[in-house]
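File shown here: coords_27.csv, holding CSV, C-alpha atoms.
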chain,number,residue,atom,x,y,z
A,9,MET,CA,0.0,0.0,0.0
A,10,THR,CA,1.3,3.4,-0.9
A,11,ARG,CA,1.6,6.3,1.5
A,12,GLU,CA,-1.1,8.1,-0.4
A,13,GLU,CA,-3.5,5.2,0.0
A,14,LYS,CA,-2.8,5.1,3.7
A,15,ILE,CA,-3.5,8.9,3.9
A,16,GLU,CA,-6.8,8.4,2.2
A,17,ILE,CA,-7.8,5.6,4.5
A,18,ILE,CA,-6.8,7.5,7.6
A,19,ALA,CA,-8.6,10.7,6.4
A,20,ASP,CA,-11.7,8.6,5.8
A,21,ILE,CA,-11.5,7.0,9.2
A,22,LEU,CA,-11.1,10.3,11.0
A,23,GLU,CA,-13.2,12.3,8.6
A,24,ILE,CA,-10.6,14.9,8.1
A,25,GLU,CA,-9.0,16.5,5.0
A,26,LEU,CA,-6.0,14.8,3.4
A,27,GLU,CA,-3.7,17.6,4.4
A,28,GLU,CA,-4.7,17.2,8.1
A,29,VAL,CA,-3.2,13.7,8.1
A,30,THR,CA,0.1,14.3,9.9
A,31,GLU,CA,2.2,11.7,11.7
A,32,GLU,CA,2.4,13.7,15.0
A,33,ALA,CA,-1.4,14.4,15.3
A,34,VAL,CA,-2.8,12.9,18.5
A,35,LEU,CA,-5.8,10.7,17.9
A,36,ALA,CA,-7.5,11.7,21.2
A,37,ASP,CA,-7.7,15.3,19.9
A,38,PHE,CA,-10.1,14.3,17.1
A,39,ASP,CA,-13.8,14.2,18.1
A,40,THR,CA,-14.2,11.5,15.5
A,41,TRP,CA,-11.8,9.1,17.3
A,42,ASP,CA,-14.5,6.9,18.7
A,43,SER,CA,-15.7,3.3,18.4
A,44,VAL,CA,-16.7,3.8,14.8
A,45,ALA,CA,-13.2,5.0,14.0
A,46,VAL,CA,-11.7,2.1,15.9
A,47,LEU,CA,-13.9,-0.3,14.0
A,48,GLY,CA,-12.8,1.4,10.9
A,49,VAL,CA,-9.1,0.9,11.8
A,50,ILE,CA,-9.7,-2.8,12.6
A,51,SER,CA,-11.5,-3.2,9.3
A,52,ALA,CA,-8.8,-1.4,7.3
A,53,VAL,CA,-5.9,-3.3,9.0
A,54,SER,CA,-7.8,-6.6,8.4
A,55,GLU,CA,-8.2,-5.7,4.7
A,56,ALA,CA,-4.6,-4.5,4.3
A,57,THR,CA,-2.8,-7.2,6.2
A,58,GLY,CA,-5.3,-10.0,6.7
A,59,ARG,CA,-4.9,-9.9,10.5
A,60,TYR,CA,-7.1,-8.8,13.3
A,61,LEU,CA,-5.8,-6.2,15.8
A,62,HIS,CA,-5.3,-7.3,19.4
A,63,ALA,CA,-6.9,-5.2,22.1
A,64,GLU,CA,-3.4,-4.2,23.4
A,65,GLU,CA,-2.5,-2.9,19.9
A,66,ILE,CA,-5.7,-0.8,19.8
A,67,LEU,CA,-5.0,0.6,23.3
A,68,GLN,CA,-1.5,1.6,22.2
A,69,LEU,CA,-2.7,3.7,19.2
A,70,SER,CA,-1.9,7.2,20.2
A,71,THR,CA,-1.0,9.2,17.1
A,72,ILE,CA,-1.7,9.2,13.3
A,73,GLY,CA,1.8,7.9,12.9
A,74,ASP,CA,0.7,4.7,14.8
A,75,LEU,CA,-2.0,4.3,12.2
A,76,PHE,CA,0.5,4.4,9.4
A,77,ARG,CA,2.6,1.8,11.2
A,78,ILE,CA,-0.2,-0.7,11.8
A,79,LEU,CA,-1.4,-0.4,8.1
A,80,GLU,CA,2.0,-1.8,7.1
A,81,PRO,CA,1.6,-5.4,5.9
B,16,MET,CA,-17.5,-17.7,40.2
B,17,GLN,CA,-17.2,-21.0,38.6
B,18,GLY,CA,-18.6,-24.5,38.9
B,19,GLU,CA,-20.2,-27.6,37.4
B,20,ILE,CA,-23.9,-28.1,37.0
B,21,GLU,CA,-24.9,-31.7,37.3
B,22,HIS,CA,-28.2,-33.5,36.6
B,23,ILE,CA,-29.9,-30.7,34.7
B,24,SER,CA,-30.9,-31.1,31.0
B,25,ILE,CA,-32.2,-28.6,28.5
B,26,GLU,CA,-35.4,-30.2,27.1
B,27,GLY,CA,-36.2,-27.5,24.6
B,28,ILE,CA,-35.4,-24.1,23.2
B,29,ILE,CA,-37.7,-21.9,21.1
B,30,SER,CA,-36.9,-18.3,20.1
B,31,ALA,CA,-39.5,-15.7,18.9
B,32,VAL,CA,-39.0,-12.5,17.0
B,33,PRO,CA,-41.5,-9.7,16.0
B,34,GLU,CA,-42.8,-9.9,12.4
B,35,ASN,CA,-41.8,-6.3,11.7
B,36,GLU,CA,-38.4,-6.3,10.0
B,37,VAL,CA,-36.2,-3.2,9.7
B,38,CYS,CA,-33.5,-3.1,7.1
B,39,ASN,CA,-30.5,-1.0,8.2
B,40,ASP,CA,-29.7,-0.5,4.5
B,41,ASP,CA,-32.8,1.6,4.2
B,42,TYR,CA,-31.3,4.0,6.7
B,43,VAL,CA,-28.1,4.2,4.7
B,44,ALA,CA,-30.1,5.5,1.8
B,45,LYS,CA,-32.0,8.0,4.0
B,46,ILE,CA,-29.5,9.2,6.5
B,47,GLU,CA,-27.3,12.2,5.7
B,48,ASN,CA,-24.8,11.6,8.4
B,49,ARG,CA,-21.8,9.9,6.8
B,50,ARG,CA,-20.6,8.6,10.2
B,51,VAL,CA,-23.8,6.8,10.9
B,52,LYS,CA,-23.8,5.3,7.4
B,53,LYS,CA,-20.3,4.1,8.0
B,54,GLN,CA,-21.2,2.5,11.3
B,55,ILE,CA,-24.1,0.7,9.8
B,56,LEU,CA,-21.8,-0.9,7.3
B,57,LEU,CA,-19.1,-1.7,9.9
B,58,THR,CA,-21.5,-3.4,12.3
B,59,GLY,CA,-22.4,-6.2,9.8
B,60,ILE,CA,-26.0,-5.9,11.0
B,61,ASP,CA,-28.2,-5.8,7.9
B,62,ARG,CA,-31.6,-6.4,9.4
B,63,ARG,CA,-33.3,-6.2,12.8
B,64,ARG,CA,-36.7,-7.1,14.1
B,65,VAL,CA,-38.6,-4.4,16.0
B,66,THR,CA,-41.8,-4.7,18.0
B,67,ILE,CA,-44.7,-2.5,17.0
B,68,GLY,CA,-47.6,-1.1,19.0
B,69,GLU,CA,-47.8,-2.4,22.6
B,70,GLN,CA,-45.9,-5.5,22.0
B,71,LYS,CA,-43.1,-6.2,24.6
B,72,ALA,CA,-40.4,-8.7,25.2
B,73,SER,CA,-42.8,-10.6,27.6
B,74,ASP,CA,-45.3,-11.1,24.7
B,75,LEU,CA,-42.7,-12.8,22.6
B,76,ALA,CA,-41.3,-14.8,25.5
B,77,VAL,CA,-44.8,-16.1,26.4
B,78,VAL,CA,-45.6,-17.1,22.9
B,79,ALA,CA,-42.4,-19.0,22.7
B,80,ALA,CA,-42.8,-20.6,26.1
B,81,ASP,CA,-46.4,-21.6,25.4
B,82,ARG,CA,-45.5,-23.4,22.2
B,83,LEU,CA,-42.6,-25.1,24.0
B,84,LEU,CA,-44.8,-26.4,26.9
B,85,ASN,CA,-47.3,-27.7,24.4
B,86,HIS,CA,-44.6,-29.3,22.4
B,87,LEU,CA,-43.1,-31.0,25.5
B,88,LYS,CA,-46.5,-31.9,26.8
B,89,TRP,CA,-45.5,-30.6,30.2
B,90,GLU,CA,-48.4,-29.9,32.7
B,91,ARG,CA,-48.6,-26.3,33.8
B,92,SER,CA,-48.6,-27.5,37.4
B,93,GLU,CA,-45.2,-29.1,37.0
B,94,ILE,CA,-43.2,-25.9,36.7
B,95,ASP,CA,-41.2,-25.0,39.8
B,96,VAL,CA,-39.6,-21.8,38.7
B,97,ILE,CA,-39.9,-19.2,36.0
B,98,ILE,CA,-37.0,-16.7,35.5
B,99,PHE,CA,-37.4,-13.9,33.1
B,100,VAL,CA,-34.1,-12.1,32.1
B,101,THR,CA,-34.9,-8.7,30.7
B,102,GLN,CA,-34.1,-5.0,30.7
B,103,SER,CA,-37.4,-4.2,29.1
B,104,PRO,CA,-40.0,-5.2,31.7
B,105,ASP,CA,-43.7,-4.5,31.4
B,106,LEU,CA,-43.8,-2.7,34.8
B,107,VAL,CA,-41.3,-1.2,37.2
B,108,ARG,CA,-42.7,-3.6,39.7
B,109,PRO,CA,-43.6,-6.4,40.2
B,110,SER,CA,-41.4,-8.6,38.1
B,111,THR,CA,-42.8,-9.3,34.6
B,112,ALA,CA,-42.4,-13.0,35.5
B,113,PHE,CA,-45.6,-12.7,37.5
B,114,LEU,CA,-47.5,-11.6,34.3
B,115,ILE,CA,-45.8,-14.4,32.4
B,116,GLN,CA,-46.9,-17.0,35.1
B,117,ASP,CA,-50.5,-15.9,34.7
B,118,ARG,CA,-50.4,-15.8,30.9
B,119,LEU,CA,-49.0,-19.3,30.8
B,120,GLY,CA,-51.4,-20.6,33.4
B,121,ILE,CA,-48.6,-21.9,35.6
B,122,SER,CA,-49.8,-23.0,39.1
B,123,LYS,CA,-49.1,-21.1,42.3
B,124,ASP,CA,-46.7,-23.8,43.5
B,125,CYS,CA,-43.9,-21.9,41.8
B,126,MET,CA,-41.3,-19.2,42.3
B,127,VAL,CA,-41.1,-16.5,39.7
B,128,TYR,CA,-38.9,-13.4,39.3
B,129,ASP,CA,-37.0,-11.3,36.8
B,130,ILE,CA,-33.2,-10.9,36.5
B,131,ASN,CA,-32.1,-7.5,35.4
B,132,GLN,CA,-29.3,-8.5,33.0
B,133,GLY,CA,-28.4,-7.7,29.5
B,134,CYS,CA,-26.1,-9.3,27.0
B,135,ALA,CA,-24.7,-11.9,29.5
B,136,GLY,CA,-28.2,-12.6,30.7
B,137,TYR,CA,-28.6,-16.1,29.2
B,138,ILE,CA,-25.5,-17.3,30.9
B,139,VAL,CA,-26.5,-15.7,34.3
B,140,GLY,CA,-30.1,-17.0,33.9
B,141,LEU,CA,-29.0,-20.6,33.0
B,142,THR,CA,-26.6,-20.7,36.0
B,143,THR,CA,-29.3,-19.4,38.3
B,144,ILE,CA,-32.2,-21.7,37.2
B,145,CYS,CA,-30.0,-24.7,37.1
B,146,SER,CA,-28.9,-24.1,40.6
B,147,ILE,CA,-32.5,-23.9,41.8
B,148,LEU,CA,-33.6,-27.0,39.9
B,149,GLN,CA,-30.7,-29.0,41.4
B,150,VAL,CA,-32.4,-28.4,44.8
B,151,THR,CA,-36.1,-28.8,43.7
B,152,ARG,CA,-35.3,-31.6,41.3
B,153,GLY,CA,-38.1,-30.4,39.1
B,154,LYS,CA,-38.8,-28.5,35.9
B,155,GLY,CA,-38.3,-24.8,35.1
B,156,LEU,CA,-38.6,-22.2,32.4
B,157,LEU,CA,-35.9,-19.7,31.6
B,158,LEU,CA,-37.2,-16.9,29.5
B,159,VAL,CA,-35.0,-14.1,28.1
B,160,GLY,CA,-36.0,-11.1,26.0
B,161,GLU,CA,-35.7,-7.5,25.0
B,162,SER,CA,-37.9,-5.0,23.3
B,163,ASN,CA,-35.9,-1.8,23.4
B,164,ALA,CA,-35.2,-1.6,19.7
B,165,ILE,CA,-36.3,1.5,17.9
B,166,ASP,CA,-37.6,1.8,14.3
B,167,GLY,CA,-37.8,5.2,12.9
B,168,GLU,CA,-35.8,8.2,11.5
B,169,GLU,CA,-34.8,9.3,15.0
B,170,VAL,CA,-32.7,6.3,15.8
B,171,ASP,CA,-29.3,7.1,17.2
B,172,ARG,CA,-26.2,5.3,16.3
B,173,ASN,CA,-26.4,2.7,19.1
B,174,ALA,CA,-30.0,2.0,18.3
B,175,LEU,CA,-29.0,0.8,14.9
B,176,LEU,CA,-27.5,-2.2,16.5
B,177,GLU,CA,-30.5,-3.3,18.6
B,178,GLY,CA,-33.1,-5.9,17.6
B,179,ASP,CA,-36.0,-7.3,19.6
B,180,ALA,CA,-36.3,-11.0,20.4
B,181,ALA,CA,-37.1,-13.5,23.1
B,182,ALA,CA,-36.5,-17.1,23.8
B,183,ALA,CA,-37.8,-19.8,26.1
B,184,THR,CA,-35.7,-22.6,27.4
B,185,ALA,CA,-37.2,-25.6,29.3
B,186,LEU,CA,-35.0,-27.4,31.8
B,187,GLN,CA,-35.5,-30.3,34.1
B,188,TYR,CA,-33.7,-32.4,36.7
B,189,GLN,CA,-32.3,-35.7,35.3
B,190,GLU,CA,-30.0,-38.1,36.9
B,191,ASP,CA,-28.0,-39.1,33.8
B,192,THR,CA,-26.5,-36.0,32.2
B,193,THR,CA,-23.1,-34.6,31.2
B,194,PRO,CA,-22.3,-31.8,33.6
B,195,MET,CA,-22.4,-28.2,32.3
B,196,LYS,CA,-19.3,-26.2,33.2
B,197,PHE,CA,-19.6,-22.5,33.8
B,198,ILE,CA,-17.8,-19.4,34.9
B,199,ASN,CA,-19.3,-15.9,35.6
B,200,HIS,CA,-17.4,-12.6,36.0
B,201,CYS,CA,-18.8,-9.3,37.1
B,202,ASP,CA,-17.1,-5.9,37.3
B,203,GLY,CA,-19.2,-3.2,38.9
B,204,SER,CA,-16.3,-0.7,38.7
B,205,ARG,CA,-17.1,-0.5,35.0
B,206,ALA,CA,-20.9,-0.1,35.4
B,207,ASN,CA,-20.5,3.4,33.9
B,208,TYR,CA,-19.4,2.0,30.5
B,209,LEU,CA,-22.9,1.1,29.6
B,210,TYR,CA,-26.0,2.3,31.4
B,211,LYS,CA,-29.5,3.8,31.3
B,212,THR,CA,-30.6,6.2,34.1
B,213,LEU,CA,-34.1,6.2,35.7
B,214,ASN,CA,-35.0,9.2,33.5
B,215,ASN,CA,-34.1,7.2,30.4
B,216,PHE,CA,-30.7,8.7,29.6
B,217,ALA,CA,-28.7,5.9,27.8
B,218,TYR,CA,-25.0,5.9,27.5
B,219,MET,CA,-22.4,3.6,26.0
B,220,ASP,CA,-18.7,4.1,25.8
B,221,GLY,CA,-18.3,2.2,22.6
B,222,ASN,CA,-14.5,2.0,22.6
B,223,ALA,CA,-14.4,0.7,26.1
B,224,VAL,CA,-17.0,-1.9,25.4
B,225,LEU,CA,-15.2,-2.9,22.2
B,226,LEU,CA,-11.9,-3.4,24.0
B,227,PHE,CA,-13.7,-5.2,26.9
B,228,GLY,CA,-14.9,-7.7,24.3
B,229,LEU,CA,-11.6,-8.2,22.6
B,230,SER,CA,-9.5,-8.4,25.8
B,231,ASP,CA,-11.4,-9.6,28.9
B,232,VAL,CA,-13.9,-11.8,27.1
B,233,ALA,CA,-11.4,-13.3,24.7
B,234,ASP,CA,-8.9,-13.9,27.5
B,235,SER,CA,-11.6,-15.6,29.6
B,236,VAL,CA,-12.7,-17.9,26.8
B,237,LYS,CA,-9.1,-18.9,26.2
B,238,LYS,CA,-8.5,-19.6,29.9
B,239,PHE,CA,-11.8,-21.4,30.3
B,240,ILE,CA,-10.9,-23.8,27.4
B,241,SER,CA,-7.4,-24.5,28.7
B,242,ASP,CA,-8.5,-24.8,32.4
B,243,ASN,CA,-10.8,-27.5,31.3
B,244,GLY,CA,-8.0,-29.3,29.6
B,245,MET,CA,-9.4,-28.8,26.2
B,246,ASP,CA,-8.4,-27.4,22.8
B,247,VAL,CA,-10.5,-25.0,20.7
B,248,ALA,CA,-11.2,-27.9,18.3
B,249,ASP,CA,-12.8,-30.0,21.1
B,250,ILE,CA,-15.9,-27.8,21.0
B,251,ASP,CA,-18.2,-28.3,18.1
B,252,TYR,CA,-19.8,-24.8,18.0
B,253,TYR,CA,-19.2,-21.5,19.7
B,254,VAL,CA,-22.1,-19.2,20.4
B,255,PHE,CA,-21.1,-15.7,21.4
B,256,HIS,CA,-23.4,-12.9,22.3
B,257,GLN,CA,-24.0,-11.1,19.0
B,258,ALA,CA,-22.9,-7.5,19.9
B,259,GLN,CA,-22.0,-6.8,16.3
B,260,LYS,CA,-20.1,-8.7,13.7
B,261,MET,CA,-16.7,-7.2,14.2
B,262,ILE,CA,-16.6,-7.8,18.0
B,263,VAL,CA,-17.8,-11.4,17.5
B,264,ASP,CA,-15.2,-12.0,14.8
B,265,GLY,CA,-12.5,-10.2,16.9
B,266,ILE,CA,-13.1,-12.5,19.9
B,267,ALA,CA,-13.1,-15.6,17.7
B,268,GLN,CA,-9.8,-14.5,16.0
B,269,GLU,CA,-8.2,-13.7,19.4
B,270,VAL,CA,-9.2,-17.2,20.7
B,271,GLY,CA,-8.3,-18.9,17.4
B,272,ILE,CA,-11.7,-20.3,16.6
B,273,PRO,CA,-12.3,-21.2,12.9
B,274,GLU,CA,-15.1,-19.2,11.3
B,275,ASP,CA,-17.2,-22.2,10.6
B,276,ARG,CA,-17.3,-23.2,14.3
B,277,CYS,CA,-19.0,-19.9,15.2
B,278,LEU,CA,-22.7,-19.6,15.0
B,279,ASN,CA,-24.1,-16.2,14.3
B,280,SER,CA,-27.3,-14.2,14.0
B,281,CYS,CA,-26.5,-10.5,14.1
B,282,GLN,CA,-26.6,-10.0,10.4
B,283,LEU,CA,-30.3,-11.0,10.4
B,284,PHE,CA,-31.4,-10.0,13.8
B,285,GLY,CA,-29.0,-7.5,15.2
B,286,ASN,CA,-27.9,-7.3,18.9
B,287,THR,CA,-30.8,-8.9,20.7
B,288,SER,CA,-29.2,-8.7,24.2
B,289,SER,CA,-30.1,-11.6,26.5
B,290,ALA,CA,-31.9,-13.4,23.7
B,291,SER,CA,-29.0,-13.4,21.3
B,292,VAL,CA,-27.4,-16.7,22.5
B,293,PRO,CA,-30.5,-18.9,22.3
B,294,LEU,CA,-31.6,-17.1,19.1
B,295,THR,CA,-28.2,-17.8,17.6
B,296,ILE,CA,-28.5,-21.5,18.6
B,297,CYS,CA,-31.9,-21.7,16.9
B,298,LEU,CA,-30.8,-20.0,13.8
B,299,GLY,CA,-27.6,-22.1,13.7
B,300,LYS,CA,-29.6,-25.3,13.9
B,301,GLU,CA,-31.9,-24.1,11.1
B,302,LYS,CA,-29.2,-22.9,8.8
B,303,ARG,CA,-26.7,-25.7,9.3
B,304,LYS,CA,-29.3,-28.5,9.8
B,305,LEU,CA,-27.6,-29.6,13.1
B,306,THR,CA,-28.9,-32.8,14.7
B,307,GLY,CA,-27.8,-35.0,17.6
B,308,ARG,CA,-25.6,-34.0,20.5
B,309,LYS,CA,-23.2,-31.2,20.0
B,310,LYS,CA,-20.7,-29.7,22.5
B,311,LEU,CA,-21.4,-25.9,22.6
B,312,LEU,CA,-19.6,-23.1,24.3
B,313,LEU,CA,-22.0,-20.3,25.1
B,314,CYS,CA,-20.6,-16.9,26.0
B,315,GLY,CA,-22.4,-13.7,27.0
B,316,TYR,CA,-20.8,-10.3,27.8
B,317,GLY,CA,-22.0,-6.8,28.3
B,318,ILE,CA,-23.7,-4.5,30.7
B,319,GLY,CA,-22.6,-4.6,34.3
B,320,LEU,CA,-20.0,-5.3,33.1
B,321,THR,CA,-20.8,-9.0,33.1
B,322,TRP,CA,-19.3,-11.9,31.2
B,323,GLY,CA,-19.9,-15.6,31.5
B,324,ILE,CA,-19.3,-18.8,29.7
B,325,ILE,CA,-21.2,-22.1,29.8
B,326,MET,CA,-20.0,-25.3,28.1
B,327,LEU,CA,-22.6,-28.0,27.6
B,328,ASP,CA,-23.7,-30.9,25.5
B,329,MET,CA,-26.8,-29.9,23.7
B,330,ASP,CA,-29.3,-32.2,22.0
B,331,MET,CA,-29.8,-30.1,18.8
B,332,ASP,CA,-33.0,-32.1,18.1
B,333,VAL,CA,-34.8,-30.1,20.9
B,334,VAL,CA,-33.9,-26.8,19.4
B,335,PHE,CA,-37.0,-25.6,17.6
B,336,PRO,CA,-37.6,-23.2,14.6
B,337,ILE,CA,-37.7,-19.5,15.2
B,338,MET,CA,-41.2,-18.2,15.6
B,339,GLU,CA,-42.5,-14.8,14.3
B,340,SER,CA,-45.2,-13.1,16.3
B,341,ASN,CA,-46.9,-9.8,16.7
B,342,TYR,CA,-49.2,-11.1,19.4
B,343,THR,CA,-49.8,-8.7,22.3
B,344,PHE,CA,-51.5,-10.0,25.5
B,345,GLU,CA,-54.6,-8.1,26.8
B,346,ASP,CA,-53.7,-8.4,30.5
B,347,ARG,CA,-52.0,-5.0,30.4
B,348,LYS,CA,-55.4,-3.5,30.6
B,349,LYS,CA,-55.5,-4.7,34.2
B,350,PHE,CA,-52.8,-2.1,34.9
B,351,TYR,CA,-53.2,1.6,34.3
B,352,LEU,CA,-50.6,1.8,31.5
Using structure tokens, write down the structure that the file contains.
Amino acid sequence: MTREEKIEIIADILEIELEEVTEEAVLADFDTWDSVAVLGVISAVSEATGRYLHAEEILQLSTIGDLFRILEP
Amino acid sequence: MQGEIEHISIEGIISAVPENEVCNDDYVAKIENRRVKKQILLTGIDRRRVTIGEQKASDLAVVAADRLLNHLKWERSEIDVIIFVTQSPDLVRPSTAFLIQDRLGISKDCMVYDINQGCAGYIVGLTTICSILQVTRGKGLLLVGESNAIDGEEVDRNALLEGDAAAATALQYQEDTTPMKFINHCDGSRANYLYKTLNNFAYMDGNAVLLFGLSDVADSVKKFISDNGMDVADIDYYVFHQAQKMIVDGIAQEVGIPEDRCLNSCQLFGNTSSASVPLTICLGKEKRKLTGRKKLLLCGYGIGLTWGIIMLDMDMDVVFPIMESNYTFEDRKKFYL
């Protein structure tokens, strides 16, 4: 998956503009970082990598940079 | 709390759902809110059944129980205990189980009460009624049901998950049975994750509940299987509470259960709270044409927080087809509703 594709996925999950997708942005600062977003992440990771996220991995998600990393196959 | 239940057998299970079916896809077409649309697609819940008019969970539960008693040819005087697990009672007090006793014509030589439990309700209810029947050595009815689902344009996000359903399970004391094994967990410190106040304010911390499912529940299932000296493959079918597809799939993945060993019903019926486990057993039997004895692991988890597991050998031949009913009992007119 290209970086551009990841940006699109993350922007869609957080419902933000593409240019707002920056590695250092803190997930908790987004109003849209809720259970729908987390389900979106689980679904996107499952599609991209074929694996299901563990609860600990979800708990450790802190920044948009973490989302880039877990979307890595 | 854990233990073994000896000498109790499940003699029959029937589930009932309202005839009125709501398609979540219809909302996707109507709703402007992109986030809600996304949630509908992510939950894997395509359709739900929703009561209309005055119909309540108790109406569905009684229709199911009545058919079950007729089918089993049990005398109404034989029932020692009726437990109704619900969070949508007919009245604040007394327990709806009293109305159910009267509707079913069960004799007065009986104990009846409600248990206020949600998604783990079938496990808690089974543990409770089995414990009583071990003492009385008689017959009992465990009814579960919910009628909180909403059909209409005003539904909020969480309401899109909920479906109405009820189920009746008939149990009796029997000397020669394979023991059921159970474990129950409760954590009142997390009661604020999921609640409804007396003035009807409902709240759910979706993320916290999701993580609870994927961690506490999955860990407990893994531990339960290994503590009983078993492997995942030793259990024929897993029946998890149908919170929504991604949570059920997530728990199954975490435990390492193959997809074809998990029975499910949320796609067709949504999250039906305490009714979801028996409803899923009934649907699984119908869809997969299951017969004979199967080793099942039942797992409920939700409000409280509560989570529990029961492993049992179930005769799938006593699992009956799902009923559809819009019947509403007239006895409510006795109360000033």
Please identify every residue of chain B that has at least one atom no farther than 10 Å from an atom of chain A, counting only C-alpha atoms, and for each give the shortest atom pair and the distance in Å to one decimal, arranged by chain then increasing number, as a tab-separated table.
residue	atom	partner	partner_atom	distance
B:Arg49	CA	A:Glu23	CA	9.1
B:Arg50	CA	A:Val44	CA	7.7
B:Val51	CA	A:Val44	CA	8.6
B:Lys53	CA	A:Val44	CA	7.7
B:Gln54	CA	A:Val44	CA	5.8
B:Ile55	CA	A:Val44	CA	9.5
B:Leu56	CA	A:Gly48	CA	10.0
B:Leu57	CA	A:Leu47	CA	6.8
B:Thr58	CA	A:Leu47	CA	8.4
B:Arg172	CA	A:Val44	CA	9.7
B:Asp220	CA	A:Ser43	CA	8.0
B:Gly221	CA	A:Ser43	CA	5.1
B:Asn222	CA	A:Ser43	CA	4.6
B:Ala223	CA	A:Ser43	CA	8.2
B:Val224	CA	A:Ser43	CA	8.8
B:Leu225	CA	A:Ser43	CA	7.3
B:Leu226	CA	A:Ala63	CA	5.6
B:Phe227	CA	A:Ala63	CA	8.3
B:Gly228	CA	A:Ala63	CA	8.7
B:Leu229	CA	A:Ala63	CA	5.6
B:Ser230	CA	A:Ala63	CA	5.5
B:Asp231	CA	A:Ala63	CA	9.3
B:Ala233	CA	A:Ala63	CA	9.6
B:Met261	CA	A:Leu47	CA	7.4
B:Ile262	CA	A:Leu47	CA	8.9
B:Asp264	CA	A:Tyr60	CA	8.8
B:Gly265	CA	A:Tyr60	CA	6.6
B:Ile266	CA	A:His62	CA	9.4
B:Gln268	CA	A:Tyr60	CA	6.9
B:Glu269	CA	A:His62	CA	7.0
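With only C-alpha atoms taken into account, every residue lying no more than 7 Å from the file point (-21.4, -16.1, 28.3) is included here: B:Ala135, B:Ile138, B:Phe255, B:Leu313, B:Cys314, B:Gly315, B:Tyr316, B:Trp322, B:Gly323, B:Ile324, B:Ile325.
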request  = Record the distance separating CA of Tyr351 (chain B) and CA of Lys211 (chain B), expressed in Å with one decimal.
outcome  = 24.0 Å
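Compared by their closest atoms to Gln259 (chain B), and using all atoms listed in the file, the residues B:Asn131, B:Thr101, B:Asn286, B:Thr184 rank with B:Asn286 nearest.
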message = Residues within 10 Å of region 85-96 of chain B, please, as a ChimeraX atom specification. Count only C-alpha atoms; anything in the same chain fewer than 4 positions from it doesn't count.
response = /B:26-27,80-81,112,116,119-128,144,147-148,151-157,185-187,333,335
task = Would you list the contacts of Lys300 (chain B) as a VMD selection string, taking every protein, DNA or RNA residue within 10 Å and counting all atoms listed in the file, but skipping same-chain residues closer than 6 positions in sequence?
result = chain B and resid 278 294 306 331 to 336
task = Could you jot down the CA of Ile20 (chain B) to CA of Leu327 (chain B) separation for me, Å, one decimal place?
result = 9.5 Å
Region 14-17 of chain A surroundings by only C-alpha atoms, 7 Å radius, close-in-sequence under 6 positions cut, as a list in words = Leu26, Val29 and Phe76 of chain A
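Distance-wise, CA of Lys45 (chain B) and CA of Glu339 (chain B) end up 27.1 Å apart.
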inquiry  = Here is a test: counting only C-alpha atoms, which residue of B:Lys349, B:His200, B:Arg63, B:Lys309 is nearest to Asp249 (chain B)?
reply    = B:Lys309
request  = Go ahead and find all residues with at least one atom no further than 9 Å from (-22.7, -24.2, 17.6) in the file's coordinates, using only C-alpha atoms; report them as a VMD selection string.
outcome  = chain B and resid 250 to 254 276 to 279 295 to 296 299 to 300 305 309 to 313
Could those selected residues go to a file with C-alpha atoms, as a CSV table (one decimal), in the frame of the given file?
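Result written to out-v4.csv:
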chain,number,residue,atom,x,y,z
B,250,ILE,CA,-15.9,-27.8,21.0
B,251,ASP,CA,-18.2,-28.3,18.1
B,252,TYR,CA,-19.8,-24.8,18.0
B,253,TYR,CA,-19.2,-21.5,19.7
B,254,VAL,CA,-22.1,-19.2,20.4
B,276,ARG,CA,-17.3,-23.2,14.3
B,277,CYS,CA,-19.0,-19.9,15.2
B,278,LEU,CA,-22.7,-19.6,15.0
B,279,ASN,CA,-24.1,-16.2,14.3
B,295,THR,CA,-28.2,-17.8,17.6
B,296,ILE,CA,-28.5,-21.5,18.6
B,299,GLY,CA,-27.6,-22.1,13.7
B,300,LYS,CA,-29.6,-25.3,13.9
B,305,LEU,CA,-27.6,-29.6,13.1
B,309,LYS,CA,-23.2,-31.2,20.0
B,310,LYS,CA,-20.7,-29.7,22.5
B,311,LEU,CA,-21.4,-25.9,22.6
B,312,LEU,CA,-19.6,-23.1,24.3
B,313,LEU,CA,-22.0,-20.3,25.1
Please complete region 10-15 of chain A with N, CA and C atoms and give it back as a compact mmCIF listing (two decimals), in the frame of the given file.
# COMPACT_ATOMS: atom_id res chain seq x y z
N THR A 10 0.52 2.19 -0.88
CA THR A 10 1.30 3.40 -0.90
C THR A 10 0.98 4.34 0.22
N ARG A 11 1.87 5.30 0.46
CA ARG A 11 1.60 6.30 1.50
C ARG A 11 0.34 7.07 1.23
N GLU A 12 0.12 7.37 -0.04
CA GLU A 12 -1.10 8.10 -0.40
C GLU A 12 -2.34 7.35 -0.11
N GLU A 13 -2.29 6.04 -0.35
CA GLU A 13 -3.50 5.20 0.00
C GLU A 13 -3.74 5.20 1.47
N LYS A 14 -2.65 5.12 2.24
CA LYS A 14 -2.80 5.10 3.70
C LYS A 14 -3.41 6.47 4.16
N ILE A 15 -2.93 7.55 3.56
CA ILE A 15 -3.50 8.90 3.90
C ILE A 15 -4.97 8.93 3.65
